[in-house]
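As structure tokens, the structure follows; a few thoughts come after it.
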Amino acid sequence: MTKYVIKRILLMILTLFVIMTMCFMLVRILPRELPTDKNLQAVLEARWEALGYNEPLLMQYLIYLKNIFTKWDFGTSWYIAFRQPAWDVLTDRLLPTVLVNFYSFLLSVPLGIALGILAAVKKNQWQDHLISTSVMVFVSVPSYVYGFLVQYIFYFKLGVLPLTVSSLADAGGSWFSWKMFYSMIPPIIALCFSQVAGLCRYTRAELTETLTSDYMLLARTKGLTRGQATTRHALKNAMVPILPMIISTFIGILAGSMIIEQIFAIPGVGQLYIKSINLLDYDVFMMDTIFYTFIGLLAGIVVDISYGFIDPRIRMGQKK
């Protein structure tokens, strides 16, 4: 297991380096736009010259890597937050992203698993058909459609929820206030649809297969009721592939949702990513790219390793 973990970490670092290199080269060949203010133009040009922005691409990349490893400096924002470190710009927007996705995670995981269990236990009955059909619909529809539907129903028609997430100033300066949580309910609902549907479908498939296993028949012949056999044996074994999926979803709350954050005006890392592309804020774009890539690669490693802890019979990286 140790060798497997080390191998995966090294592969993650290599993959991250390749993606970071490609993105850096592609984004740096784009033209840099200067503001119309002549004095500000002179300041920016002098600053860019000092930072090596006018050097050849390879030299720019070497300077960029040197700054990361020696100073933990991922560059500077020139348009989104003038002359602020790109790292600070990202971390300042991380909390709202985590909060919205964490609330959605807390709601969608138990609901998705409960509906999946109900569908598996009531297989081929009307409850199963209703849940399965609904799941197929919710999985097929993009998340931004749910965002618009939530705004249309709960804001324009019913008037019970706000259109967008409140600003920090309007919420009393705290991300944990009731007013802020209330304004986050629409994006939380919009994010839940696809998460609940995915977990429900996966839980139903795993539990249905488990319920038809030979050891379940043996448990019933030994005198256990259907409910006892399901609770003591079927659920325990069905959770082995489901729990890593939950872990992956939990890690993914850091990445957020670019489209949902844009629709509901959430000042998070997803909206920052789109803004950095539109404004050609290169260093912020690179910071976001590194962050998203790292979270995705880390989630894959944690999920694979978690199989061995959840079920000791599973040993990653070992030959038969």
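Naming scheme: A, B, ... for chains in displayed order of the structure tokens; residues 1 onward per chain; ligands 1 onward as shown.
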
Segment 85-99 of chain A environment, 8 Å, only C-alpha atoms, sequence neighbours closer than 3 positions dropped, as a PyMOL selection string: chain A and resi 73-77+81+102-103+175+253-256+266-270+272+283-284+287-288

Counting only C-alpha atoms, give me one row per residue of segment 19-126 of chain A with an atom at most 12 Å from an atom of segment 210-227 of chain A, showing the shortest contact pair and its distance in Å to one decimal, sorted by chain then residue number, as a Markdown table.
| residue | atom | partner | partner_atom | distance |
| --- | --- | --- | --- | --- |
| A:Ile117 | CA | A:Leu211 | CA | 10.8 |
| A:Leu118 | CA | A:Gly227 | CA | 11.9 |
| A:Ala120 | CA | A:Leu211 | CA | 8.3 |
| A:Val121 | CA | A:Leu211 | CA | 8.4 |
| A:Lys122 | CA | A:Leu211 | CA | 11.3 |
| A:Lys123 | CA | A:Leu211 | CA | 10.3 |

For the selection just defined, write its residues with N, CA and C atoms to a file, as a PDB file, in the first residue's frame.
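Result file follows (again_16.pdb):
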ATOM      1  N   ILE A 117     -31.743   3.514  -1.204  1.00  0.00           N
ATOM      2  CA  ILE A 117     -32.118   2.333  -0.411  1.00  0.00           C
ATOM      3  C   ILE A 117     -33.589   1.992  -0.622  1.00  0.00           C
ATOM      4  N   LEU A 118     -34.431   3.011  -0.618  1.00  0.00           N
ATOM      5  CA  LEU A 118     -35.867   2.783  -0.828  1.00  0.00           C
ATOM      6  C   LEU A 118     -36.133   2.172  -2.198  1.00  0.00           C
ATOM      7  N   ALA A 120     -34.070   0.372  -3.988  1.00  0.00           N
ATOM      8  CA  ALA A 120     -33.548  -0.994  -4.057  1.00  0.00           C
ATOM      9  C   ALA A 120     -34.452  -1.966  -3.307  1.00  0.00           C
ATOM     10  N   VAL A 121     -34.921  -1.552  -2.136  1.00  0.00           N
ATOM     11  CA  VAL A 121     -35.793  -2.421  -1.342  1.00  0.00           C
ATOM     12  C   VAL A 121     -37.132  -2.633  -2.038  1.00  0.00           C
ATOM     13  N   LYS A 122     -37.636  -1.604  -2.705  1.00  0.00           N
ATOM     14  CA  LYS A 122     -38.914  -1.674  -3.428  1.00  0.00           C
ATOM     15  C   LYS A 122     -38.698  -1.922  -4.926  1.00  0.00           C
ATOM     16  N   LYS A 123     -37.717  -2.715  -5.253  1.00  0.00           N
ATOM     17  CA  LYS A 123     -37.378  -2.951  -6.652  1.00  0.00           C
ATOM     18  C   LYS A 123     -38.584  -3.443  -7.453  1.00  0.00           C
TER      19      LYS A 123
END

Secondary structure check, alpha helix (DSSP H) residues of segment 48-294 of chain A, as a VMD selection string: chain A and resid 48 to 51 57 to 71 86 to 92 94 to 121 126 to 140 143 to 150 178 to 211 214 to 221 226 to 229 235 to 251 258 to 263 269 to 278 282 to 294

Neighbour list for Ser276 of chain A as a VMD selection string, cut-off 8 Å, only C-alpha atoms, skip fewer than 5 positions in-chain: chain A and resid 80 281 to 282 284 to 285

Shell of 9 Å around Gln195 of chain A, only C-alpha atoms, local chain residues under 5 positions omitted, as an MDAnalysis selection string: chainID A and resid 104:105 108:109 112 139 200 249

Selected residues written out, N, CA and C atoms, as an mmCIF file, in the first residue's frame:
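Saved as result.cif:
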data_model
loop_
_atom_site.group_PDB
_atom_site.id
_atom_site.type_symbol
_atom_site.label_atom_id
_atom_site.label_comp_id
_atom_site.auth_asym_id
_atom_site.auth_seq_id
_atom_site.Cartn_x
_atom_site.Cartn_y
_atom_site.Cartn_z
ATOM 1 N N SER A 104 -24.802 22.000 0.744
ATOM 2 C CA SER A 104 -25.410 21.120 -0.257
ATOM 3 C C SER A 104 -25.022 19.668 -0.012
ATOM 4 N N PHE A 105 -23.785 19.443 0.382
ATOM 5 C CA PHE A 105 -23.296 18.092 0.684
ATOM 6 C C PHE A 105 -24.059 17.481 1.856
ATOM 7 N N SER A 108 -27.627 16.619 0.482
ATOM 8 C CA SER A 108 -27.782 15.675 -0.625
ATOM 9 C C SER A 108 -27.338 14.254 -0.275
ATOM 10 N N VAL A 109 -26.320 14.092 0.570
ATOM 11 C CA VAL A 109 -25.809 12.741 0.855
ATOM 12 C C VAL A 109 -26.846 11.871 1.570
ATOM 13 N N GLY A 112 -29.881 11.337 -0.868
ATOM 14 C CA GLY A 112 -29.583 10.462 -2.001
ATOM 15 C C GLY A 112 -29.469 9.010 -1.596
ATOM 16 N N VAL A 139 -30.376 13.599 -13.548
ATOM 17 C CA VAL A 139 -28.996 13.382 -13.982
ATOM 18 C C VAL A 139 -28.761 13.983 -15.365
ATOM 19 N N CYS A 200 -28.266 8.507 -5.429
ATOM 20 C CA CYS A 200 -29.420 7.609 -5.421
ATOM 21 C C CYS A 200 -29.249 6.492 -6.443
ATOM 22 N N THR A 249 -17.010 13.421 -3.260
ATOM 23 C CA THR A 249 -17.920 14.572 -3.268
ATOM 24 C C THR A 249 -17.528 15.579 -2.197
#
